[in-house]
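Down below is the structure, laid out as structure tokens.
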Amino acid sequence: SSSSSSSSSSSGIGKAEGSGNGVRRTAPVFVYASSSSIYGNTYRIPFSETQRTDHPISVYAATKKATEHLAGVYHHLYGIRVTGLRFFTVYGPMGRPDMAVWGWAKNISLGYPITLFEGKLLRDFTYIDDVVEGVMGALDYSADRGIFNIGYGHPINIHKMIDTLEAEIGKTPNIKMQSLPPGDVPLTYANTTLARKCFNYTPSTSVKEGIAKFIEWFREYTPPAIPDHLSFKDLRPEGDNSSRSGNKYGIVA
């Protein structure tokens with residue numbers, strides 16, 4: 001209905017049916033990944049689970065909004081416990097190579113250019129260990145129907161992140177500036193009060209500490225071999241730095 005689509009979620013946000021002692025119920029909770037992108041282009045900060053999220057500005061954000069609605073429907077129809085975690089710019093060892101921090105680290109290390117967007121851009125970078133803490137906490141809490149922000153709670157300027165990577169890698173980045181795409185946002189900032197209240201979520205890894213750990217791992221990482229029939233080498237000229245290898249890394253989820 002129009003009333004349900006205009007609010008960020010139901011009144012069941014962050015509540016567990018029965019007691020709130022965090023003991024796992026008979027029916028296990030289904031925990032799924034949502035995203036900070038669901039908040040869209042808002043300046044109401046920090047982002048709270050109770051604010052409206054009905055104006056996504058990218059296809060990716062719209063799919064996350066749809067996922068939260070579908071989870072609510074399955075909870076309503078079948079009684080499945082569902083918890084959505086809105087992750088804020090996750091980085092760290094064993095991350096996805098198409099994410100920003102990994103791409104920047106790779107291109108700086110290899111001497112390739114990196115793309116940054118014009119203007120003051122801030123992101124709430126969250127280290128993987130803190131994210132895992134949040135996931136495990138949500139599993140143990142086992143809300144009847146819940147939505148929680150999982151972020152560090154301290155956004156920083158993108159250029160500070162690049163400076164931190166430069167210091168750890170020991171190379172000066174070759175930066176190319178572009179206009180901010182219409183599907184990206186200038187700021188992400190997690191309010192983690194609800195997660196802290198419900199399952200004592202307490203992220204503690206600073207960007208400086210997290211990047212030091214990530215680069216230590218990154219230096220020793222060896223990518224798995226890709227079979228020739230899956231590599232599409234004939235479609236990617238030698239030295240090409242587009243798509244997943246380069247220019248995409250200006251966009252930060």
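Quick note on naming: the chains in the structure tokens go A, B, ... in the order shown, residues restart at 1 in each chain, and ligands are numbered from 1 in order of appearance.
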**Request:** Please give the complete set of residues from range 7-121 of chain A that DSSP, run on the backbone, assigns to helix (DSSP H, G or I), formatted as a ChimeraX atom specification.
**Result:** /A:36-39,59-78,100-110
Based on the selection just made, write N, CA, C and O atoms of those residues as a short mmCIF file (atom, residue, chain, number, x, y, z; two decimals), in the first residue's frame.
```
data_model
loop_
_atom_site.label_atom_id
_atom_site.label_comp_id
_atom_site.auth_asym_id
_atom_site.auth_seq_id
_atom_site.Cartn_x
_atom_site.Cartn_y
_atom_site.Cartn_z
N SER A 36 23.84 0.95 2.74
CA SER A 36 23.71 2.37 3.07
C SER A 36 23.14 3.17 1.90
O SER A 36 22.58 4.25 2.10
N SER A 37 23.26 2.63 0.68
CA SER A 37 22.77 3.35 -0.49
C SER A 37 21.26 3.52 -0.46
O SER A 37 20.71 4.37 -1.18
N ILE A 38 20.59 2.77 0.37
CA ILE A 38 19.13 2.85 0.44
C ILE A 38 18.66 4.21 0.95
O ILE A 38 17.53 4.64 0.70
N TYR A 39 19.53 4.95 1.64
CA TYR A 39 19.15 6.25 2.19
C TYR A 39 19.12 7.35 1.11
O TYR A 39 18.58 8.43 1.36
N VAL A 59 19.88 2.19 -9.37
CA VAL A 59 19.23 0.89 -9.52
C VAL A 59 19.63 -0.03 -8.37
O VAL A 59 18.80 -0.75 -7.81
N TYR A 60 20.91 0.01 -8.00
CA TYR A 60 21.40 -0.82 -6.89
C TYR A 60 20.61 -0.53 -5.61
O TYR A 60 20.15 -1.45 -4.93
N ALA A 61 20.45 0.74 -5.29
CA ALA A 61 19.71 1.12 -4.08
C ALA A 61 18.25 0.66 -4.16
O ALA A 61 17.68 0.20 -3.16
N ALA A 62 17.67 0.76 -5.34
CA ALA A 62 16.28 0.33 -5.51
C ALA A 62 16.13 -1.17 -5.28
O ALA A 62 15.13 -1.62 -4.70
N THR A 63 17.13 -1.95 -5.71
CA THR A 63 17.06 -3.40 -5.48
C THR A 63 17.15 -3.72 -3.99
O THR A 63 16.53 -4.66 -3.51
N LYS A 64 17.93 -2.93 -3.26
CA LYS A 64 18.04 -3.16 -1.82
C LYS A 64 16.73 -2.80 -1.11
O LYS A 64 16.32 -3.48 -0.16
N LYS A 65 16.10 -1.73 -1.55
CA LYS A 65 14.79 -1.37 -1.00
C LYS A 65 13.78 -2.47 -1.27
O LYS A 65 12.99 -2.85 -0.39
N ALA A 66 13.81 -3.00 -2.49
CA ALA A 66 12.89 -4.09 -2.85
C ALA A 66 13.16 -5.33 -2.00
O ALA A 66 12.24 -6.03 -1.59
N THR A 67 14.44 -5.59 -1.72
CA THR A 67 14.80 -6.75 -0.90
C THR A 67 14.22 -6.62 0.50
O THR A 67 13.69 -7.59 1.07
N GLU A 68 14.29 -5.42 1.07
CA GLU A 68 13.72 -5.22 2.40
C GLU A 68 12.20 -5.43 2.40
O GLU A 68 11.64 -6.02 3.33
N HIS A 69 11.54 -4.97 1.33
CA HIS A 69 10.10 -5.20 1.22
C HIS A 69 9.78 -6.68 1.09
O HIS A 69 8.85 -7.20 1.73
N LEU A 70 10.55 -7.41 0.25
CA LEU A 70 10.31 -8.84 0.07
C LEU A 70 10.52 -9.61 1.37
O LEU A 70 9.76 -10.53 1.68
N ALA A 71 11.56 -9.23 2.10
CA ALA A 71 11.79 -9.88 3.39
C ALA A 71 10.60 -9.67 4.32
O ALA A 71 10.17 -10.60 5.02
N GLY A 72 10.05 -8.45 4.30
CA GLY A 72 8.88 -8.17 5.12
C GLY A 72 7.67 -9.00 4.72
O GLY A 72 6.91 -9.47 5.58
N VAL A 73 7.51 -9.21 3.42
CA VAL A 73 6.40 -10.02 2.92
C VAL A 73 6.54 -11.48 3.37
O VAL A 73 5.57 -12.11 3.82
N TYR A 74 7.76 -12.02 3.25
CA TYR A 74 7.98 -13.41 3.67
C TYR A 74 7.77 -13.57 5.18
O TYR A 74 7.27 -14.60 5.65
N HIS A 75 8.13 -12.54 5.92
CA HIS A 75 7.87 -12.57 7.36
C HIS A 75 6.36 -12.59 7.63
O HIS A 75 5.88 -13.37 8.45
N HIS A 76 5.63 -11.76 6.90
CA HIS A 76 4.18 -11.67 7.08
C HIS A 76 3.47 -12.96 6.68
O HIS A 76 2.58 -13.45 7.40
N LEU A 77 3.86 -13.53 5.54
CA LEU A 77 3.17 -14.70 5.01
C LEU A 77 3.55 -16.00 5.70
O LEU A 77 2.71 -16.89 5.91
N TYR A 78 4.84 -16.14 6.04
CA TYR A 78 5.33 -17.44 6.50
C TYR A 78 5.96 -17.41 7.89
O TYR A 78 6.44 -18.43 8.38
N ALA A 100 35.71 -0.09 -3.93
CA ALA A 100 36.56 1.08 -4.08
C ALA A 100 37.95 0.92 -3.47
O ALA A 100 38.97 1.14 -4.14
N VAL A 101 38.02 0.55 -2.19
CA VAL A 101 39.32 0.51 -1.51
C VAL A 101 40.25 -0.49 -2.17
O VAL A 101 41.45 -0.23 -2.35
N TRP A 102 39.74 -1.66 -2.53
CA TRP A 102 40.56 -2.66 -3.22
C TRP A 102 41.05 -2.09 -4.55
O TRP A 102 42.24 -2.21 -4.89
N GLY A 103 40.16 -1.49 -5.31
CA GLY A 103 40.55 -0.95 -6.62
C GLY A 103 41.58 0.15 -6.51
O GLY A 103 42.54 0.20 -7.28
N TRP A 104 41.41 1.03 -5.54
CA TRP A 104 42.39 2.09 -5.34
C TRP A 104 43.75 1.51 -4.96
O TRP A 104 44.78 1.92 -5.48
N ALA A 105 43.75 0.54 -4.04
CA ALA A 105 45.01 -0.08 -3.61
C ALA A 105 45.71 -0.75 -4.79
O ALA A 105 46.94 -0.62 -4.96
N LYS A 106 44.94 -1.45 -5.59
CA LYS A 106 45.53 -2.14 -6.74
C LYS A 106 46.13 -1.14 -7.73
O LYS A 106 47.28 -1.30 -8.18
N ASN A 107 45.37 -0.12 -8.08
CA ASN A 107 45.84 0.82 -9.09
C ASN A 107 47.01 1.67 -8.60
O ASN A 107 47.93 1.97 -9.36
N ILE A 108 46.99 2.07 -7.33
CA ILE A 108 48.11 2.81 -6.78
C ILE A 108 49.37 1.93 -6.79
O ILE A 108 50.46 2.38 -7.16
N SER A 109 49.22 0.68 -6.42
CA SER A 109 50.35 -0.25 -6.39
C SER A 109 50.96 -0.45 -7.77
O SER A 109 52.19 -0.55 -7.92
N LEU A 110 50.10 -0.52 -8.79
CA LEU A 110 50.56 -0.80 -10.15
C LEU A 110 50.89 0.47 -10.95
O LEU A 110 51.35 0.38 -12.08
#
```
**Message:** List as a PyMOL selection string the protein and nucleic acid residues near Leu180 in chain A, meaning an atom at most 7 Å away when only C-alpha atoms are counted, but skip any in the same chain fewer than 2 places from it.
**Reply:** chain A and resi 117-118+178+182+184
**Prompt:** Hey, can you check how far CA of Glu166 in chain A sits from CA of Lys213 in chain A?
**Reply:**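 Between these atoms lies a distance of 14.1 Å.
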**Filtered DSSP result for range 65-211 of chain A, state strand (DSSP E or B), as a VMD selection string** = chain A and resid 81 to 87 90 to 91 113 to 117 122 to 123 126 to 127 145 to 150 156 to 157 174 to 178 187 190
Go ahead and write the residues just picked, N, CA and C atoms, as a CSV table (one decimal), in the first residue's frame.
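Produced file part_35.csv, reproduced below:
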```csv
chain,number,residue,atom,x,y,z
A,81,ARG,N,11.6,-15.2,10.5
A,81,ARG,CA,12.4,-14.1,11.1
A,81,ARG,C,13.3,-13.5,10.1
A,82,VAL,N,13.3,-12.2,9.9
A,82,VAL,CA,14.2,-11.6,8.9
A,82,VAL,C,14.9,-10.4,9.5
A,83,THR,N,16.2,-10.3,9.2
A,83,THR,CA,17.0,-9.1,9.7
A,83,THR,C,17.8,-8.6,8.5
A,84,GLY,N,17.6,-7.4,8.2
A,84,GLY,CA,18.4,-6.7,7.1
A,84,GLY,C,19.5,-5.9,7.7
A,85,LEU,N,20.7,-6.0,7.2
A,85,LEU,CA,21.8,-5.2,7.7
A,85,LEU,C,22.2,-4.2,6.6
A,86,ARG,N,22.1,-3.0,6.9
A,86,ARG,CA,22.5,-1.9,6.0
A,86,ARG,C,24.0,-1.6,6.1
A,87,PHE,N,24.8,-2.3,5.3
A,87,PHE,CA,26.3,-2.1,5.4
A,87,PHE,C,26.8,-0.8,4.8
A,90,VAL,N,32.1,-1.4,3.2
A,90,VAL,CA,32.9,-2.4,3.8
A,90,VAL,C,34.2,-2.5,3.1
A,91,TYR,N,35.3,-2.7,3.8
A,91,TYR,CA,36.6,-2.9,3.2
A,91,TYR,C,37.4,-3.9,4.1
A,113,PRO,N,46.1,5.0,-13.0
A,113,PRO,CA,45.3,6.1,-12.5
A,113,PRO,C,44.1,5.7,-11.7
A,114,ILE,N,43.7,6.5,-10.7
A,114,ILE,CA,42.4,6.2,-10.0
A,114,ILE,C,41.5,7.4,-10.3
A,115,THR,N,40.2,7.2,-10.3
A,115,THR,CA,39.3,8.2,-10.5
A,115,THR,C,38.6,8.6,-9.2
A,116,LEU,N,38.6,9.9,-9.0
A,116,LEU,CA,37.8,10.5,-7.8
A,116,LEU,C,36.8,11.5,-8.4
A,117,PHE,N,35.8,11.7,-7.6
A,117,PHE,CA,34.8,12.6,-8.0
A,117,PHE,C,34.9,14.0,-7.4
A,122,LEU,N,32.2,12.2,1.5
A,122,LEU,CA,32.5,11.6,2.7
A,122,LEU,C,31.9,10.2,2.7
A,123,ARG,N,32.6,9.2,3.3
A,123,ARG,CA,32.1,7.8,3.4
A,123,ARG,C,32.4,7.3,4.7
A,126,THR,N,33.9,1.0,6.8
A,126,THR,CA,33.7,0.1,7.9
A,126,THR,C,34.6,-1.2,7.7
A,127,TYR,N,35.5,-1.5,8.6
A,127,TYR,CA,36.4,-2.6,8.5
A,127,TYR,C,35.7,-3.9,8.7
A,145,ARG,N,11.5,-9.2,13.2
A,145,ARG,CA,11.7,-8.5,11.9
A,145,ARG,C,12.6,-7.2,12.2
A,146,GLY,N,13.8,-7.2,11.7
A,146,GLY,CA,14.7,-6.1,12.1
A,146,GLY,C,15.5,-5.5,10.9
A,147,ILE,N,15.8,-4.2,11.1
A,147,ILE,CA,16.7,-3.5,10.2
A,147,ILE,C,17.7,-2.8,11.0
A,148,PHE,N,19.0,-3.0,10.7
A,148,PHE,CA,20.1,-2.4,11.5
A,148,PHE,C,21.2,-1.8,10.6
A,149,ASN,N,21.7,-0.6,11.0
A,149,ASN,CA,22.8,-0.1,10.3
A,149,ASN,C,24.1,-0.7,10.9
A,150,ILE,N,25.0,-1.1,9.9
A,150,ILE,CA,26.3,-1.7,10.3
A,150,ILE,C,27.3,-0.8,9.7
A,156,ILE,N,34.7,9.9,6.7
A,156,ILE,CA,35.9,10.7,6.5
A,156,ILE,C,35.8,11.1,5.0
A,157,ASN,N,36.6,12.1,4.7
A,157,ASN,CA,36.7,12.6,3.3
A,157,ASN,C,37.4,11.5,2.5
A,174,ASN,N,48.1,8.5,-9.0
A,174,ASN,CA,47.8,9.3,-10.2
A,174,ASN,C,46.3,9.5,-10.2
A,175,ILE,N,45.8,10.7,-9.8
A,175,ILE,CA,44.4,10.9,-9.6
A,175,ILE,C,43.8,11.7,-10.8
A,176,LYS,N,42.7,11.1,-11.3
A,176,LYS,CA,41.9,11.8,-12.3
A,176,LYS,C,40.6,12.2,-11.8
A,177,MET,N,40.2,13.4,-12.0
A,177,MET,CA,38.9,13.9,-11.4
A,177,MET,C,37.8,13.8,-12.4
A,178,GLN,N,36.6,13.5,-12.0
A,178,GLN,CA,35.4,13.5,-12.8
A,178,GLN,C,34.2,14.0,-12.0
A,187,LEU,N,27.5,11.7,0.7
A,187,LEU,CA,27.8,11.4,2.1
A,187,LEU,C,27.1,10.1,2.5
A,190,ALA,N,26.5,6.4,9.3
A,190,ALA,CA,25.7,5.4,10.0
A,190,ALA,C,25.4,5.9,11.5
```
**Message:** Quick check, in Å to one decimal: how far apart do CA of Tyr201 in chain A and CA of Phe47 in chain A lie?
**Reply:** 16.1 Å
**Item:** Nearest candidate to Met136 in chain A (options A:Asn200, A:Ile211, A:Thr89, A:Thr193; using only C-alpha atoms)
**Value:**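 Looking only at the distances to Met136 in chain A, the closest residue turns out to be A:Asn200.
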**Request:** Could you jot down the CA of Val31 in chain A to CA of Ser142 in chain A separation for me, Å, one decimal place?
**Result:**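 Computed distance, CA of Val31 in chain A to CA of Ser142 in chain A, equals 8.8 Å.
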**Message:** Which residue is closest to Ser34 in chain A? Choose from A:His159, A:His55, A:Glu49, A:Glu133 and count only C-alpha atoms.
**Reply:**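 Nearest to Ser34 in chain A: A:Glu49.
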